[in-house]
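Student: Sending over query-v9.cif (mmCIF, C-alpha atoms).
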data_upload
loop_
_atom_site.label_atom_id
_atom_site.label_comp_id
_atom_site.auth_asym_id
_atom_site.auth_seq_id
_atom_site.Cartn_x
_atom_site.Cartn_y
_atom_site.Cartn_z
CA MET A 1487 0.00 0.00 0.00
CA GLU A 1488 1.39 3.37 -1.04
CA LEU A 1489 0.42 6.90 -0.10
CA ARG A 1490 -0.24 7.77 -3.73
CA GLN A 1491 -2.81 4.96 -3.91
CA LEU A 1492 -4.60 6.43 -0.91
CA ARG A 1493 -4.48 9.91 -2.46
CA TYR A 1494 -5.95 8.58 -5.73
CA PHE A 1495 -8.68 6.78 -3.77
CA ARG A 1496 -9.59 9.99 -1.96
CA ALA A 1497 -9.55 11.98 -5.22
CA VAL A 1498 -12.00 9.57 -6.88
CA ALA A 1499 -14.25 9.70 -3.83
CA GLU A 1500 -14.23 13.50 -3.90
CA THR A 1501 -14.78 13.94 -7.67
CA GLY A 1502 -17.00 10.96 -8.48
CA THR A 1503 -15.11 9.98 -11.65
CA PHE A 1504 -11.72 8.53 -12.48
CA THR A 1505 -11.25 11.14 -15.20
CA ALA A 1506 -11.81 14.09 -12.87
CA ALA A 1507 -9.66 12.46 -10.19
CA ALA A 1508 -6.85 12.01 -12.72
CA GLU A 1509 -7.04 15.69 -13.68
CA LEU A 1510 -7.05 16.72 -10.04
CA SER A 1511 -4.08 14.45 -9.31
CA ARG A 1512 -2.26 15.46 -12.52
CA VAL A 1513 -1.78 11.87 -13.61
CA ALA A 1514 -2.98 9.84 -16.61
CA GLN A 1515 -6.43 8.35 -16.08
CA PRO A 1516 -5.40 4.73 -16.86
CA ALA A 1517 -2.54 4.93 -14.36
CA LEU A 1518 -4.83 6.27 -11.63
CA TRP A 1519 -7.49 3.64 -12.39
CA LYS A 1520 -4.87 0.86 -12.15
CA GLN A 1521 -3.57 2.13 -8.80
CA VAL A 1522 -7.07 2.22 -7.31
CA ARG A 1523 -7.80 -1.30 -8.59
CA ASP A 1524 -4.49 -2.53 -7.14
CA LEU A 1525 -5.50 -0.98 -3.81
CA GLU A 1526 -8.84 -2.78 -3.89
CA ARG A 1527 -7.13 -6.11 -4.58
CA GLU A 1528 -4.67 -5.54 -1.74
CA LEU A 1529 -7.42 -4.60 0.71
CA GLY A 1530 -9.75 -7.32 -0.50
CA VAL A 1531 -12.82 -5.06 -0.65
CA ALA A 1532 -14.59 -3.08 -3.37
CA LEU A 1533 -14.19 0.65 -2.81
CA PHE A 1534 -16.50 1.98 -5.55
CA GLU A 1535 -19.57 1.00 -7.51
CA LYS A 1536 -20.77 2.45 -10.79
CA THR A 1537 -23.80 4.75 -11.04
CA GLY A 1538 -24.10 5.66 -14.72
CA ARG A 1539 -21.02 7.54 -15.79
CA ARG A 1540 -19.95 8.18 -12.23
CA VAL A 1541 -18.83 6.07 -9.30
CA ARG A 1542 -19.75 6.22 -5.66
CA LEU A 1543 -18.28 4.76 -2.52
CA THR A 1544 -19.40 1.39 -1.30
CA SER A 1545 -20.21 1.12 2.38
CA SER A 1546 -16.76 -0.37 2.91
CA GLY A 1547 -15.18 2.42 0.89
CA ALA A 1548 -17.00 5.09 2.90
CA LEU A 1549 -15.74 3.60 6.16
CA LEU A 1550 -12.20 3.33 4.84
CA LEU A 1551 -12.26 6.88 3.48
CA GLU A 1552 -12.48 8.27 7.02
CA ARG A 1553 -9.33 6.39 8.03
CA VAL A 1554 -7.57 7.20 4.77
CA THR A 1555 -8.29 10.90 5.20
CA ARG A 1556 -6.79 10.88 8.70
CA ALA A 1557 -3.79 8.89 7.47
CA LEU A 1558 -3.12 11.34 4.64
CA GLU A 1559 -3.46 14.30 6.96
CA SER A 1560 -0.93 12.68 9.29
CA ALA A 1561 1.39 12.03 6.36
CA ASP A 1562 1.08 15.67 5.30
CA ARG A 1563 1.96 16.79 8.83
CA VAL A 1564 5.01 14.53 8.81
CA LYS A 1565 6.07 15.97 5.47
CA SER A 1566 5.55 19.51 6.74
CA LEU A 1567 7.53 18.77 9.90
CA ALA A 1568 10.34 17.28 7.85
CA ALA A 1569 10.45 20.42 5.72
CA ASP A 1570 10.61 22.58 8.86
CA LEU A 1571 13.42 20.41 10.23
CA ARG A 1572 15.29 20.57 6.94
CA LEU A 1573 15.03 24.35 6.83
CA GLY A 1574 15.78 24.84 10.52
CA ARG A 1575 12.34 26.25 11.32
CA THR A 1576 11.83 23.71 14.09
CA GLY A 1577 13.77 20.99 15.85
CA GLN A 1578 16.05 20.60 18.82
CA VAL A 1579 19.68 21.40 19.59
CA VAL A 1580 21.21 19.48 22.51
CA ILE A 1581 24.40 20.92 24.00
CA SER A 1582 26.59 19.15 26.55
CA CYS A 1583 28.30 21.82 28.64
CA SER A 1584 28.80 23.27 32.11
CA PRO A 1585 27.38 26.37 33.83
CA PRO A 1586 30.44 28.55 33.09
CA HIS A 1587 30.05 27.87 29.38
CA ILE A 1588 26.44 29.03 29.59
CA ASN A 1589 27.44 32.16 31.48
CA ARG A 1590 30.33 32.96 29.18
CA ILE A 1591 28.58 32.68 25.79
CA LEU A 1592 25.79 30.10 25.45
CA ALA A 1593 23.05 32.06 27.25
CA LEU A 1594 23.58 34.99 24.91
CA ALA A 1595 23.70 32.64 21.93
CA VAL A 1596 20.36 31.07 22.90
CA ARG A 1597 18.76 34.50 23.22
CA GLU A 1598 19.97 35.59 19.79
CA PHE A 1599 19.17 32.23 18.22
CA ASN A 1600 15.60 32.21 19.57
CA ARG A 1601 14.88 35.52 17.89
CA GLU A 1602 15.41 33.94 14.49
CA HIS A 1603 14.35 30.38 15.34
CA PRO A 1604 11.58 30.60 17.96
CA SER A 1605 10.31 27.07 17.29
CA VAL A 1606 13.68 25.38 17.82
CA ARG A 1607 14.28 24.09 21.35
CA VAL A 1608 17.78 24.39 22.80
CA GLU A 1609 18.50 21.92 25.61
CA PHE A 1610 21.54 21.99 27.91
CA ARG A 1611 22.96 18.79 29.39
CA GLU A 1612 24.98 20.28 32.24
CA TYR A 1613 27.87 18.97 34.27
CA PRO A 1614 29.46 20.96 37.11
CA GLY A 1615 32.84 22.59 36.87
CA ALA A 1616 34.52 24.61 34.17
CA SER A 1617 35.05 21.56 32.03
CA GLY A 1618 33.36 18.93 34.13
CA PRO A 1619 34.63 15.95 36.11
CA ARG A 1620 36.06 13.16 34.00
CA ARG A 1621 35.27 9.49 34.21
CA LEU A 1622 38.15 7.19 33.26
CA HIS A 1623 39.96 10.16 31.71
CA GLU A 1624 37.15 10.75 29.23
CA ASN A 1625 35.57 14.18 28.98
CA PRO A 1626 31.84 13.61 29.60
CA PHE A 1627 30.83 16.35 27.16
CA LEU A 1628 32.76 14.80 24.30
CA ALA A 1629 31.53 11.33 25.31
CA GLU A 1630 27.93 12.52 24.91
CA LEU A 1631 28.77 14.10 21.57
CA ARG A 1632 30.51 10.93 20.40
CA SER A 1633 27.55 8.74 21.37
CA GLY A 1634 25.01 11.03 19.70
CA VAL A 1635 23.29 12.05 22.93
CA ALA A 1636 24.35 15.65 22.26
CA ASP A 1637 24.55 17.60 19.01
CA LEU A 1638 27.21 19.97 20.35
CA ALA A 1639 29.72 19.83 23.18
CA VAL A 1640 31.81 22.53 24.86
CA ALA A 1641 35.18 21.31 26.08
CA GLU A 1642 38.89 21.99 25.98
CA GLY A 1643 40.19 21.49 22.49
CA PRO A 1644 40.24 21.37 19.63
CA VAL A 1645 39.78 17.60 19.40
CA ASP A 1646 40.82 16.19 16.03
CA GLU A 1647 37.89 13.81 15.54
CA PHE A 1648 35.38 16.68 15.66
CA GLU A 1649 34.80 19.98 13.94
CA ALA A 1650 35.49 22.79 16.40
CA LEU A 1651 35.02 26.50 16.95
CA HIS A 1652 37.26 28.35 19.40
CA LEU A 1653 35.15 30.14 22.00
CA TYR A 1654 37.61 31.56 24.52
CA ASP A 1655 40.66 30.73 26.62
CA VAL A 1656 40.18 29.81 30.26
CA HIS A 1657 42.95 30.78 32.72
CA ALA A 1658 43.79 29.45 36.16
CA VAL A 1659 43.53 32.34 38.61
CA VAL A 1660 44.19 32.86 42.29
CA LEU A 1661 41.41 34.28 44.46
CA VAL A 1662 42.53 36.12 47.59
CA PRO A 1663 41.02 38.94 49.68
CA ASP A 1664 41.71 42.58 48.78
CA ASP A 1665 44.31 42.98 51.54
CA HIS A 1666 46.43 40.07 50.32
CA PRO A 1667 49.71 41.07 48.60
CA TRP A 1668 48.89 38.90 45.56
CA ARG A 1669 45.65 40.76 44.90
CA ARG A 1670 47.52 43.67 43.32
CA ARG A 1671 49.46 41.43 40.97
CA ARG A 1672 48.57 40.55 37.38
CA PHE A 1673 50.36 37.21 37.63
CA VAL A 1674 51.49 34.75 40.30
CA MET A 1675 54.33 32.51 39.19
CA VAL A 1676 53.53 28.86 39.67
CA ASP A 1677 56.61 28.23 41.81
CA ARG A 1678 55.23 30.71 44.37
CA LEU A 1679 52.55 28.11 45.09
CA LEU A 1680 55.11 25.60 46.37
CA GLY A 1681 54.05 24.62 49.89
CA VAL A 1682 51.09 27.04 49.94
CA PRO A 1683 47.87 25.39 51.19
CA LEU A 1684 45.28 25.71 48.43
CA THR A 1685 41.52 25.39 48.14
CA VAL A 1686 40.75 23.66 44.85
CA THR A 1687 38.24 21.69 42.81
CA PRO A 1688 38.38 17.88 42.51
CA GLU A 1689 40.56 16.22 39.88
CA GLY A 1690 39.11 16.52 36.40
CA PHE A 1691 37.84 20.09 36.69
CA ALA A 1692 39.55 22.56 34.40
CA SER A 1693 41.15 24.63 37.17
CA ARG A 1694 42.47 21.54 38.97
CA ARG A 1695 43.76 20.06 35.73
CA LEU A 1696 45.60 23.27 34.87
CA LEU A 1697 46.99 23.63 38.40
CA ASP A 1698 48.24 20.04 38.60
CA GLN A 1699 49.87 20.16 35.18
CA ALA A 1700 51.61 23.48 35.87
CA CYS A 1701 52.91 22.41 39.29
CA ARG A 1702 54.16 19.05 38.04
CA THR A 1703 55.89 20.70 35.10
CA ALA A 1704 57.58 22.99 37.65
CA GLY A 1705 58.70 19.91 39.60
CA PHE A 1706 56.36 19.76 42.60
CA GLU A 1707 52.92 18.65 43.70
CA PRO A 1708 50.44 21.30 44.87
CA THR A 1709 49.63 21.39 48.58
CA ILE A 1710 45.89 20.77 48.79
CA GLU A 1711 44.23 22.00 51.97
CA ARG A 1712 40.59 21.81 50.92
CA ILE A 1713 38.64 20.31 48.00
CA SER A 1714 35.14 21.36 46.95
CA GLY A 1715 33.05 20.38 43.97
CA SER A 1716 31.31 23.76 44.12
CA PRO A 1717 33.20 26.57 42.37
CA MET A 1718 30.95 29.04 44.21
CA SER A 1719 32.16 27.69 47.56
CA ILE A 1720 35.78 27.88 46.48
CA VAL A 1721 35.31 31.46 45.30
CA ALA A 1722 33.78 32.41 48.67
CA MET A 1723 36.65 30.82 50.58
CA GLY A 1724 39.22 32.71 48.55
CA VAL A 1725 37.52 36.09 48.54
CA GLN A 1726 36.81 35.94 52.28
CA GLY A 1727 40.39 34.97 53.12
CA ALA A 1728 39.54 31.50 54.39
CA GLY A 1729 42.12 29.96 52.07
CA ILE A 1730 43.96 30.70 48.85
CA ALA A 1731 41.65 29.51 46.10
CA VAL A 1732 42.49 28.40 42.58
CA VAL A 1733 39.69 28.45 40.03
CA ALA A 1734 39.18 28.91 36.32
CA ASP A 1735 38.51 32.53 35.44
CA ASP A 1736 35.20 31.65 33.80
CA VAL A 1737 33.77 30.97 37.28
CA ALA A 1738 35.52 33.85 39.05
CA PRO A 1739 33.37 36.90 39.88
CA SER A 1740 33.86 39.88 37.60
CA GLU A 1741 35.87 42.63 39.27
CA PRO A 1742 37.30 45.98 38.06
CA ARG A 1743 40.75 44.62 38.91
CA PRO A 1744 41.36 41.24 37.20
CA TRP A 1745 42.24 38.30 39.41
CA PRO A 1746 45.92 37.33 39.26
CA ARG A 1747 46.60 34.59 36.76
CA ILE A 1748 48.92 31.71 37.48
CA GLN A 1749 51.88 31.88 35.14
CA ALA A 1750 54.48 29.26 34.20
CA GLY A 1751 57.60 30.86 32.76
CA SER A 1752 56.48 33.48 30.26
CA ALA A 1753 53.07 31.93 29.57
CA PRO A 1754 49.85 32.03 31.58
CA VAL A 1755 48.42 28.68 32.67
CA ARG A 1756 45.43 28.28 30.38
CA GLU A 1757 43.58 26.07 27.91
CA SER A 1758 41.31 26.74 24.97
CA VAL A 1759 37.56 26.10 25.18
CA HIS A 1760 35.90 25.02 21.94
CA LEU A 1761 32.45 24.21 20.67
CA HIS A 1762 32.62 20.76 19.04
CA TRP A 1763 30.34 18.88 16.65
CA ARG A 1764 30.57 15.61 14.73
CA ARG A 1765 31.99 15.45 11.21
CA ILE A 1766 28.66 14.54 9.63
CA GLN A 1767 25.94 16.49 7.88
CA GLN A 1768 24.27 18.43 10.66
CA PRO A 1769 20.56 19.25 10.95
CA ALA A 1770 19.78 22.76 9.81
CA ALA A 1771 18.95 23.87 13.36
CA VAL A 1772 22.36 22.75 14.65
CA HIS A 1773 24.12 24.46 11.75
CA ALA A 1774 22.17 27.65 12.44
CA PHE A 1775 23.05 27.57 16.15
CA VAL A 1776 26.76 27.17 15.38
CA SER A 1777 26.51 30.17 13.04
CA THR A 1778 24.91 32.21 15.83
CA VAL A 1779 27.68 31.28 18.27
CA ARG A 1780 30.32 32.07 15.65
CA SER A 1781 28.90 35.57 15.25
CA LEU A 1782 29.14 36.21 19.01
CA VAL A 1783 32.63 34.92 19.80
CA GLY A 1784 34.66 37.65 21.47
CA LYS A 1785 31.93 40.28 21.20
CA ARG A 1786 30.25 40.33 24.60
CA PRO A 1787 31.47 40.05 28.22
CA PRO A 1788 30.05 37.24 30.39
CA ILE A 1789 27.31 37.88 32.92
CA ASN A 1790 28.62 38.48 36.43
CA PRO A 1791 27.59 35.32 38.27
CA GLY A 1792 27.33 37.31 41.51
CA VAL A 1793 29.49 35.08 43.64
#
Would you mind writing the file's structure down as structure tokens?

Tutor:
Amino acid sequence: MELRQLRYFRAVAETGTFTAAAELSRVAQPALWKQVRDLERELGVALFEKTGRRVRLTSSGALLLERVTRALESADRVKSLAADLRLGRTGQVVISCSPPHINRILALAVREFNREHPSVRVEFREYPGASGPRRLHENPFLAELRSGVADLAVAEGPVDEFEALHLYDVHAVVLVPDDHPWRRRRFVMVDRLLGVPLTVTPEGFASRRLLDQACRTAGFEPTIERISGSPMSIVAMGVQGAGIAVVADDVAPSEPRPWPRIQAGSAPVRESVHLHWRRIQQPAAVHAFVSTVRSLVGKRPPINPGV
């Protein structure tokens, strides 16, 4: 059974003749007649009976017409939805990310995107931390992208197996109260952290990853006094002088005076944050969202998270 057979059946029922139905359907009359007869044979019931030069529905045909009409309307809705999906007028974009990524650029991107694509739903799959805790050394954002759970993923990169767009660089910074000598500095050399008790995130978060790598490259292990999975708690401890805190600057509160960055040699301790997507043909809505993000990179400051 084919949709065109059902459409021809409905056309004959509406017009009363095979000739008129063929004209309405823009098909040759013999071809339409054959398709309707094939449909009758497949269904095992007569759909029409002759009345002079016209035909009318049998009782079976009248009953089936109701179902056929609903089926064709459903098929038309599917076709219309597919067209909207193809053109990016509707659909869904799933992004695996963390709250700092949303604060830094994604919230603004969603606002701008929704103005042009109000029927497309953007869903965030959030993990805590600047780049999220890792399981078995695998970034959870990229794992969701790789498995197809997410259309886009924000993570350190670029990662060769994916297409990527550079969003911003995240720096490891030191948070101390205003009366601390380091607060007036632009940089704190990593070797100054030797033996200093630090308040940090768990292993796998961006700030902890950057700190550990920089300290080990300098030849020592950081002295960890306190670990918290909440960047907001770590920020509070540092700002209030309850411990020297190390966080990524995309979770640090915005201040007129920038927080001192940790520096190794002549380079700040940092990594690049990228928007990633799979190397396949993307739905129009995903392509449109990437274009929106691309237009915003570097143009707007993040929202002050108020911590």

Student: Go through the shown structure with the PyMOL selection byres ((chain A and resi 1746) around 7) and write out the matching residues as an MDAnalysis selection string.

Tutor: chainID A and resid 1659:1660 1669 1671:1674 1744:1745 1747:1748

Student: Find, counting all atoms listed in the file, the residue in A:Ala1517, A:Ala1658, A:Val1737, A:Ala1568 that gets nearest to Ala1700 in chain A.

Tutor: A:Ala1658

Student: Could you list, as a PyMOL selection string, every residue within 9 Å of Leu1492 in chain A, counting all atoms listed in the file and ignoring same-chain residues fewer than 3 positions away?

Tutor: chain A and resi 1487-1489+1495-1497+1522+1525+1551+1554-1555+1557-1558

Student: Write to file, as a short mmCIF file (atom, residue, chain, number, x, y, z; two decimals), keeping the file's coordinate frame, the residues of the selection just made, with C-alpha atoms.

Tutor:
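Final output, part24.cif:
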data_model
loop_
_atom_site.label_atom_id
_atom_site.label_comp_id
_atom_site.auth_asym_id
_atom_site.auth_seq_id
_atom_site.Cartn_x
_atom_site.Cartn_y
_atom_site.Cartn_z
CA MET A 1487 0.00 0.00 0.00
CA GLU A 1488 1.39 3.37 -1.04
CA LEU A 1489 0.42 6.90 -0.10
CA PHE A 1495 -8.68 6.78 -3.77
CA ARG A 1496 -9.59 9.99 -1.96
CA ALA A 1497 -9.55 11.98 -5.22
CA VAL A 1522 -7.07 2.22 -7.31
CA LEU A 1525 -5.50 -0.98 -3.81
CA LEU A 1551 -12.26 6.88 3.48
CA VAL A 1554 -7.57 7.20 4.77
CA THR A 1555 -8.29 10.90 5.20
CA ALA A 1557 -3.79 8.89 7.47
CA LEU A 1558 -3.12 11.34 4.64
#

Student: Would you translate the PyMOL selection byres ((chain A and resi 1628-1630) around 8) into the concrete set of residues it matches in this file, as a PyMOL selection string?

Tutor: chain A and resi 1582+1624-1627+1631-1636+1639-1641+1762

Student: Which residues would end up in the selection if the PyMOL selection byres ((chain A and resi 1657) around 9) were applied here, given that I need the answer as a PDB file with C-alpha atoms, in the frame of the given file?

Tutor:
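So out_14.pdb came out as:
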ATOM      1  CA  ASP A1655      40.660  30.730  26.620  1.00  0.00           C
ATOM      2  CA  VAL A1656      40.180  29.810  30.260  1.00  0.00           C
ATOM      3  CA  ALA A1658      43.790  29.450  36.160  1.00  0.00           C
ATOM      4  CA  VAL A1659      43.530  32.340  38.610  1.00  0.00           C
ATOM      5  CA  SER A1693      41.150  24.630  37.170  1.00  0.00           C
ATOM      6  CA  LEU A1696      45.600  23.270  34.870  1.00  0.00           C
ATOM      7  CA  VAL A1733      39.690  28.450  40.030  1.00  0.00           C
ATOM      8  CA  ALA A1734      39.180  28.910  36.320  1.00  0.00           C
ATOM      9  CA  ASP A1735      38.510  32.530  35.440  1.00  0.00           C
ATOM     10  CA  ASP A1736      35.200  31.650  33.800  1.00  0.00           C
ATOM     11  CA  ARG A1747      46.600  34.590  36.760  1.00  0.00           C
ATOM     12  CA  ILE A1748      48.920  31.710  37.480  1.00  0.00           C
ATOM     13  CA  PRO A1754      49.850  32.030  31.580  1.00  0.00           C
ATOM     14  CA  VAL A1755      48.420  28.680  32.670  1.00  0.00           C
ATOM     15  CA  ARG A1756      45.430  28.280  30.380  1.00  0.00           C
ATOM     16  CA  GLU A1757      43.580  26.070  27.910  1.00  0.00           C
ATOM     17  CA  SER A1758      41.310  26.740  24.970  1.00  0.00           C
TER      18      SER A1758
END

Student: CA of Gly1681 in chain A to CA of Ala1731 in chain A: how many Å, to one decimal?

Tutor: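 Computing it gives 13.9 Å between the two atoms.
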
Student: Tell me, in Å to one decimal, how far CA of Val1676 in chain A is from CA of Leu1761 in chain A.

Tutor: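 Straight-line distance from CA of Val1676 in chain A to CA of Leu1761 in chain A works out to 28.8 Å.
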
Student: Which of these residues is nearest to Val1725 in chain A, using all atoms listed in the file: A:Glu1711, A:Asp1677, A:Asp1665, A:Asp1698?

Tutor: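 Of A:Glu1711, A:Asp1677, A:Asp1665, A:Asp1698, the one nearest Val1725 in chain A is A:Asp1665, counting all atoms listed in the file.
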
Student: Can you work out the spacing between CA of Leu1638 in chain A and CA of Trp1763 in chain A in Å, to one decimal?

Tutor: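 According to the coordinates, CA of Leu1638 in chain A and CA of Trp1763 in chain A are separated by 5.0 Å.
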
Student: Need the shell around range 1533-1548 of chain A: protein/DNA/RNA residues with any atom at most 12 Å away, counting all atoms listed in the file. Skip same-chain ones fewer than 4 positions apart. Format as a ChimeraX atom specification?

Tutor: /A:1492,1494-1507,1519,1522-1529,1552-1555

Student: Could you name the residues that touch Ile1720 in chain A at 8 Å or less, counting only C-alpha atoms, but leaving out those on the same chain fewer than 2 positions away, as a compact mmCIF listing (two decimals) with C-alpha atoms, in the coordinates of the input?

Tutor:
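Output file around.txt follows:
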# COMPACT_ATOMS: atom_id res chain seq x y z
CA THR A 1685 41.52 25.39 48.14
CA VAL A 1686 40.75 23.66 44.85
CA THR A 1687 38.24 21.69 42.81
CA SER A 1714 35.14 21.36 46.95
CA SER A 1716 31.31 23.76 44.12
CA PRO A 1717 33.20 26.57 42.37
CA MET A 1718 30.95 29.04 44.21
CA ALA A 1722 33.78 32.41 48.67
CA MET A 1723 36.65 30.82 50.58
CA GLY A 1724 39.22 32.71 48.55
CA ALA A 1731 41.65 29.51 46.10
CA VAL A 1732 42.49 28.40 42.58
CA VAL A 1733 39.69 28.45 40.03

Student: Which residue out of A:Arg1780, A:Arg1670, A:His1652, A:Arg1743 has the minimum interatomic distance to Glu1598 in chain A when only C-alpha atoms are used?

Tutor: A:Arg1780

Student: Hey, what's within 12 Å of range 1769-1771 of chain A if we count all atoms listed in the file and toss same-chain stuff fewer than 5 positions away? As a PDB file with C-alpha atoms, keeping the file's coordinate frame, please?

Tutor:
ATOM      1  CA  ALA A1568      10.340  17.280   7.850  1.00  0.00           C
ATOM      2  CA  ALA A1569      10.450  20.420   5.720  1.00  0.00           C
ATOM      3  CA  ASP A1570      10.610  22.580   8.860  1.00  0.00           C
ATOM      4  CA  LEU A1571      13.420  20.410  10.230  1.00  0.00           C
ATOM      5  CA  ARG A1572      15.290  20.570   6.940  1.00  0.00           C
ATOM      6  CA  LEU A1573      15.030  24.350   6.830  1.00  0.00           C
ATOM      7  CA  GLY A1574      15.780  24.840  10.520  1.00  0.00           C
ATOM      8  CA  ARG A1575      12.340  26.250  11.320  1.00  0.00           C
ATOM      9  CA  THR A1576      11.830  23.710  14.090  1.00  0.00           C
ATOM     10  CA  GLY A1577      13.770  20.990  15.850  1.00  0.00           C
ATOM     11  CA  GLN A1578      16.050  20.600  18.820  1.00  0.00           C
ATOM     12  CA  VAL A1579      19.680  21.400  19.590  1.00  0.00           C
ATOM     13  CA  VAL A1580      21.210  19.480  22.510  1.00  0.00           C
ATOM     14  CA  PHE A1599      19.170  32.230  18.220  1.00  0.00           C
ATOM     15  CA  ASN A1600      15.600  32.210  19.570  1.00  0.00           C
ATOM     16  CA  GLU A1602      15.410  33.940  14.490  1.00  0.00           C
ATOM     17  CA  HIS A1603      14.350  30.380  15.340  1.00  0.00           C
ATOM     18  CA  PRO A1604      11.580  30.600  17.960  1.00  0.00           C
ATOM     19  CA  SER A1605      10.310  27.070  17.290  1.00  0.00           C
ATOM     20  CA  VAL A1606      13.680  25.380  17.820  1.00  0.00           C
ATOM     21  CA  ARG A1607      14.280  24.090  21.350  1.00  0.00           C
ATOM     22  CA  VAL A1608      17.780  24.390  22.800  1.00  0.00           C
ATOM     23  CA  ASP A1637      24.550  17.600  19.010  1.00  0.00           C
ATOM     24  CA  LEU A1638      27.210  19.970  20.350  1.00  0.00           C
ATOM     25  CA  TRP A1763      30.340  18.880  16.650  1.00  0.00           C
ATOM     26  CA  ARG A1764      30.570  15.610  14.730  1.00  0.00           C
ATOM     27  CA  VAL A1776      26.760  27.170  15.380  1.00  0.00           C
ATOM     28  CA  SER A1777      26.510  30.170  13.040  1.00  0.00           C
ATOM     29  CA  THR A1778      24.910  32.210  15.830  1.00  0.00           C
TER      30      THR A1778
END

Student: As JSON, please report the centre and edge lengths, rounded to one decimal in Å, of the axis-aligned box that holds all listed atoms of range 1498-1514 of chain A with 4 Å of padding on each of the six sides.

Tutor:
{"center_x": -9.4, "center_y": 12.6, "center_z": -10.2, "size_x": 23.2, "size_y": 16.2, "size_z": 20.8}

Student: List the neighbours of Arg1678 in chain A out to 12 Å using all atoms listed in the file; skip same-chain residues closer than 4 positions along the sequence, and give me the result as a list in words.

Tutor: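 So, after excluding close chain neighbours, the residues are Val1660, Trp1668, Phe1673, Val1674, Val1682, Pro1683, Leu1684, Ala1700, Cys1701, Ala1704, Phe1706, Pro1708, Thr1709, Ile1748, Gln1749, Ala1750 and Gly1751 of chain A.
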
Student: Out of A:Ser1740, A:Leu1550, A:Leu1594, A:Ala1514, which residue has the shortest atom-to-atom distance to Lys1785 in chain A when counting all atoms listed in the file?

Tutor: A:Leu1594

Student: Between A:Arg1490, A:Leu1661, A:Glu1647, A:Gly1727, which has the minimum distance to Arg1765 in chain A (counting only C-alpha atoms)?

Tutor: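 So, comparing all the options, the nearest one is A:Glu1647.
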